[in-house]
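Comments concern the structure below.
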Amino acid sequence: MLAFIGILMVVVIIYCLMQSKATPSVVFILVPIIAAFLAGFSFDQISGFIKSGVTTTWSIAVLFIFSIVYFGVMSDAGMFDPLVNYLTEKAGANVIMVTVATALIATISHLDGALATTLLITVPAMLPIYKKLNIRPVVLLVIIGAAMSIMNLLPWGGPVARTVAITKMDVNLLWQSLIPLQIVGLIIVVGFAAAMGIMEKRRGAGLKAGATLEDGSEGVVAEELDPKVLALKRPKLVWFNILLTVGVIALLCLTKVPLYGAFMIGLALALLVNYPKASDQAARIKAHAAEALSVPAILLASGIFLGVLSGTKMLTAMATAIINVIPAFVGPYLHIVLGIFSVPIGMLLGTDSFFFGLVPLAIGVGSQYGIEPTNMAKAMLIGKNFGVLVTPHAATTYLAIGLAGIDIKELLRFCTPLLWLVGIISLACAVVMGIVVI
C-alpha cells in the first residue's frame, strides 16, 4: 500500500508539472502532505518530514539566489559581451558550430564533477549567443545534459561515488573500466550537439532576429540596448570581472568554501567595484530579485517531497515494488533492462533514492540470476546518468531552467526523450565494448 501511494504521489506530481495544473511550489507542498496523510502518518510526523526535507535543499536555494544575482550583475556590466560578440562573429549563421562549442564548454566545465558549476558557467556564457542566433534555450540545456552525463563517470563524480559505496569496488578500477566509454561518449555528445544544430537550422536558427521560422513561429529577437542598459555596462572593468569570476570558480573547485559562500563573496565584490553607489547596488539586486527568488521557493518546497519520500519509507517500498514486477524470464538480462529504463526510474526516485534504494535491491535480485554486482551497478550507473537534468525534484533541474529562462514542462517534454535515447546508445556501446556484460 505504501509503495502504491508513493508511486501515485510521484505520478501526480509529474502530471501536474507537465500539464501546468499548478505552480511547482504548490504541487511539491500539497501533494506530498496529502500522500503522507493517506499513508496514515500524523501531523507531528509529517512536520518532522518537512523539517528534514527542507534541510536538504536550503543550501542549494541560497546558492541559486546569490549565483543568479551574481551572473545577472556580470551580464549587466558586460562581462560576457566580448565572448558573445567574438563567437557570434566567428560562427555567423553557423548554428552547428555554436552547438558543438556548447558541448565542449560543458564538458570542460564539468571536470570538477559538480552539476551546478557546469550550469553556472555554461548557460550564462552561451545563452546570449543562442538568443542572437534564434536557437531555443532548451537546446542549450539538452546539450549540457548530455555532456554532464558522460563526464559524471569521473571518479569524483557523485554517481560513481555512490556506486563505489554500494559495491565496495575500488574507485580507480571502476573508472579505468569506464574510460573507453567516456572517450566514445564524448564523440557521441559532439555528434549529438551537431545533430541539435542541424535540427535548429531546419527550424530557421541563424536567421536575423525576428525572421519567421519554418514551423511558423517567430525567432527570438535580440534585445535592443537602450541608453539605460548601456549605462550599466562597465567595459573598462571587463578583465576585473573575468578574473573575479575565475576566482569564484576557483573557490568552488579548489576549496571547501560552500558553493553559496563563494557566490556571496563574489557578488559583494562585484557590486562594490562595478556599482560603488549604494543606490545602484540596490537597483541591481532588485532588477534580478524576481528570477533569483522564484526558483529557490520551488527548491525549498521540493524539500517537503524529499522529506516525505524518505521519512515515510515510501522510497524503500517503491524500489521493492519496481523489482518485484519484473518477470522471471527477464532475470538474466535484468541489468540491461534496468539500465535501459534507468532514466524514467531515476526521474521517479531521484539520485540518492536510485543508488541507495534501488541499486542494492537490483544487485540482490540479479545475483540470483548470476549477474555480477559490478555488472549490474555499471549498467544502471551508465543509464541513470542521462537523467540528471530531467529529474523533477532535483535542485539542479530548477537551477537549469532558472538560468535558461524556460519552464519545467518545456524541459521535461523536450529533453527527456532525447537524453534517454543518448543514454540507451551509450549503454549499447558499453555492451559492445564489453564494459557491461550480457
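Residues in the C-alpha cells are named by chain (A, B, ... in the order shown) and by number from 1 within that chain; ligands are numbered from 1 in the order shown.
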>> Excluding stretch 156-169 of chain A and its own-chain neighbours fewer than 3 positions away, which residues fall within 12 Å of it when counting only C-alpha atoms? Please give them as a ChimeraX atom specification.
In response: /A:110-115,148-153,172-178,253,346,350-364,372-388
> Using only C-alpha atoms, which residues sit within 8 Å of A:Val238 once same-chain residues fewer than 6 positions away are excluded, as a PyMOL selection string?
Replying inline: chain A and resi 77-79
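You can rank A:Ser75, A:Thr245, A:Thr122, A:Gln368 by their closest distance to A:Pro137 using only C-alpha atoms, and at the top of that list sits A:Thr122.
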> Nearest to A:Gly405 among A:Val69, A:Val229, A:Leu127, A:Ala262, with distances taken over only C-alpha atoms: which residue is it?
Replying inline: A:Leu127
> Could you state the separation of atom CA of A:Leu186 and atom CA of A:Leu243 in Å, given to one decimal place?
Replying inline: 29.0 Å
>> Please return, as a VMD selection string, all residues of stretch 201-404 of chain A that DSSP assigns to helix (DSSP H, G or I) on the basis of the backbone.
In response: chain A and resid 201 to 203 227 to 232 235 to 254 259 to 274 278 to 287 289 to 311 314 to 324 328 to 340 342 to 349 351 to 367 373 to 385 395 to 404
> Which residues, written as a ChimeraX atom specification, have at least one atom at most 12 Å from A:Arg284, with only C-alpha atoms counted and residues fewer than 2 positions away on the same chain left out?
Replying inline: /A:68-77,229,232,267-268,270-272,274-282,286-290,292
Output file for the residues above (N, CA, C and O atoms, as a compact mmCIF listing (two decimals), in the first residue's frame):
```txt
# COMPACT_ATOMS: atom_id res chain seq x y z
N ILE A 68 22.47 33.60 -9.23
CA ILE A 68 21.68 34.26 -10.27
C ILE A 68 21.91 35.76 -10.25
O ILE A 68 22.10 36.40 -11.29
N VAL A 69 21.90 36.34 -9.06
CA VAL A 69 22.15 37.79 -8.96
C VAL A 69 23.57 38.10 -9.43
O VAL A 69 23.80 39.09 -10.13
N TYR A 70 24.53 37.24 -9.06
CA TYR A 70 25.93 37.47 -9.46
C TYR A 70 26.06 37.50 -10.98
O TYR A 70 26.62 38.46 -11.55
N PHE A 71 25.56 36.44 -11.64
CA PHE A 71 25.70 36.41 -13.09
C PHE A 71 24.83 37.46 -13.77
O PHE A 71 25.14 37.93 -14.87
N GLY A 72 23.74 37.85 -13.12
CA GLY A 72 22.94 38.94 -13.64
C GLY A 72 23.72 40.24 -13.63
O GLY A 72 23.69 41.02 -14.61
N VAL A 73 24.42 40.49 -12.53
CA VAL A 73 25.26 41.69 -12.43
C VAL A 73 26.40 41.64 -13.46
O VAL A 73 26.72 42.65 -14.11
N MET A 74 27.01 40.49 -13.63
CA MET A 74 28.08 40.34 -14.61
C MET A 74 27.57 40.62 -16.03
O MET A 74 28.25 41.23 -16.85
N SER A 75 26.35 40.16 -16.31
CA SER A 75 25.75 40.40 -17.61
C SER A 75 25.44 41.88 -17.79
O SER A 75 25.69 42.46 -18.87
N ASP A 76 24.90 42.50 -16.75
CA ASP A 76 24.62 43.94 -16.80
C ASP A 76 25.89 44.73 -17.08
O ASP A 76 25.89 45.69 -17.87
N ALA A 77 26.98 44.34 -16.42
CA ALA A 77 28.25 45.06 -16.56
C ALA A 77 28.95 44.78 -17.89
O ALA A 77 29.91 45.46 -18.24
N VAL A 229 20.29 50.56 -20.46
CA VAL A 229 21.07 49.31 -20.45
C VAL A 229 22.54 49.61 -20.70
O VAL A 229 23.43 49.07 -20.04
N LEU A 232 24.66 50.75 -17.83
CA LEU A 232 25.08 49.73 -16.85
C LEU A 232 26.39 49.05 -17.25
O LEU A 232 27.01 48.39 -16.42
N LEU A 267 29.56 38.22 -5.30
CA LEU A 267 28.53 39.24 -5.52
C LEU A 267 28.87 40.53 -4.77
O LEU A 267 28.72 41.63 -5.31
N ALA A 268 29.32 40.40 -3.55
CA ALA A 268 29.68 41.58 -2.76
C ALA A 268 30.77 42.39 -3.46
O ALA A 268 30.67 43.62 -3.58
N ALA A 270 31.62 42.22 -6.69
CA ALA A 270 31.14 42.68 -8.00
C ALA A 270 30.32 43.96 -7.86
O ALA A 270 30.49 44.91 -8.65
N LEU A 271 29.44 43.99 -6.90
CA LEU A 271 28.61 45.18 -6.69
C LEU A 271 29.46 46.37 -6.24
O LEU A 271 29.28 47.49 -6.71
N LEU A 272 30.39 46.11 -5.33
CA LEU A 272 31.21 47.18 -4.77
C LEU A 272 32.07 47.85 -5.84
O LEU A 272 32.19 49.08 -5.87
N ASN A 274 31.82 47.43 -9.43
CA ASN A 274 31.11 47.87 -10.64
C ASN A 274 30.11 48.99 -10.37
O ASN A 274 29.91 49.86 -11.22
N TYR A 275 29.47 48.95 -9.23
CA TYR A 275 28.44 49.94 -8.90
C TYR A 275 28.68 50.45 -7.49
O TYR A 275 28.02 50.00 -6.53
N PRO A 276 29.61 51.38 -7.31
CA PRO A 276 30.01 51.83 -5.97
C PRO A 276 28.90 52.47 -5.15
O PRO A 276 28.91 52.39 -3.93
N LYS A 277 27.93 53.10 -5.82
CA LYS A 277 26.86 53.77 -5.08
C LYS A 277 25.88 52.74 -4.51
O LYS A 277 25.49 51.79 -5.20
N ALA A 278 25.47 52.95 -3.27
CA ALA A 278 24.55 52.03 -2.61
C ALA A 278 23.23 51.94 -3.36
O ALA A 278 22.62 50.86 -3.45
N SER A 279 22.77 53.07 -3.90
CA SER A 279 21.50 53.07 -4.64
C SER A 279 21.59 52.21 -5.90
O SER A 279 20.63 51.50 -6.26
N ASP A 280 22.74 52.25 -6.58
CA ASP A 280 22.93 51.42 -7.78
C ASP A 280 23.01 49.94 -7.42
O ASP A 280 22.49 49.08 -8.15
N GLN A 281 23.66 49.63 -6.31
CA GLN A 281 23.73 48.24 -5.85
C GLN A 281 22.34 47.70 -5.55
O GLN A 281 22.00 46.58 -5.95
N ALA A 282 21.55 48.50 -4.86
CA ALA A 282 20.19 48.07 -4.53
C ALA A 282 19.35 47.88 -5.79
O ALA A 282 18.54 46.94 -5.88
N LYS A 286 17.53 44.44 -6.98
CA LYS A 286 16.09 44.47 -7.23
C LYS A 286 15.77 44.01 -8.65
O LYS A 286 14.77 43.32 -8.88
N ALA A 287 16.62 44.37 -9.61
CA ALA A 287 16.38 44.00 -11.01
C ALA A 287 16.36 42.50 -11.22
O ALA A 287 15.66 41.99 -12.10
N HIS A 288 17.12 41.77 -10.41
CA HIS A 288 17.21 40.31 -10.58
C HIS A 288 16.49 39.54 -9.47
O HIS A 288 16.59 38.31 -9.41
N ALA A 289 15.77 40.26 -8.62
CA ALA A 289 15.15 39.62 -7.45
C ALA A 289 14.09 38.59 -7.83
O ALA A 289 14.03 37.50 -7.25
N ALA A 290 13.25 38.92 -8.81
CA ALA A 290 12.16 38.01 -9.16
C ALA A 290 12.69 36.66 -9.63
O ALA A 290 12.24 35.60 -9.19
N ALA A 292 15.68 35.49 -9.09
CA ALA A 292 16.53 34.87 -8.06
C ALA A 292 15.74 34.27 -6.92
O ALA A 292 16.26 33.42 -6.19
```
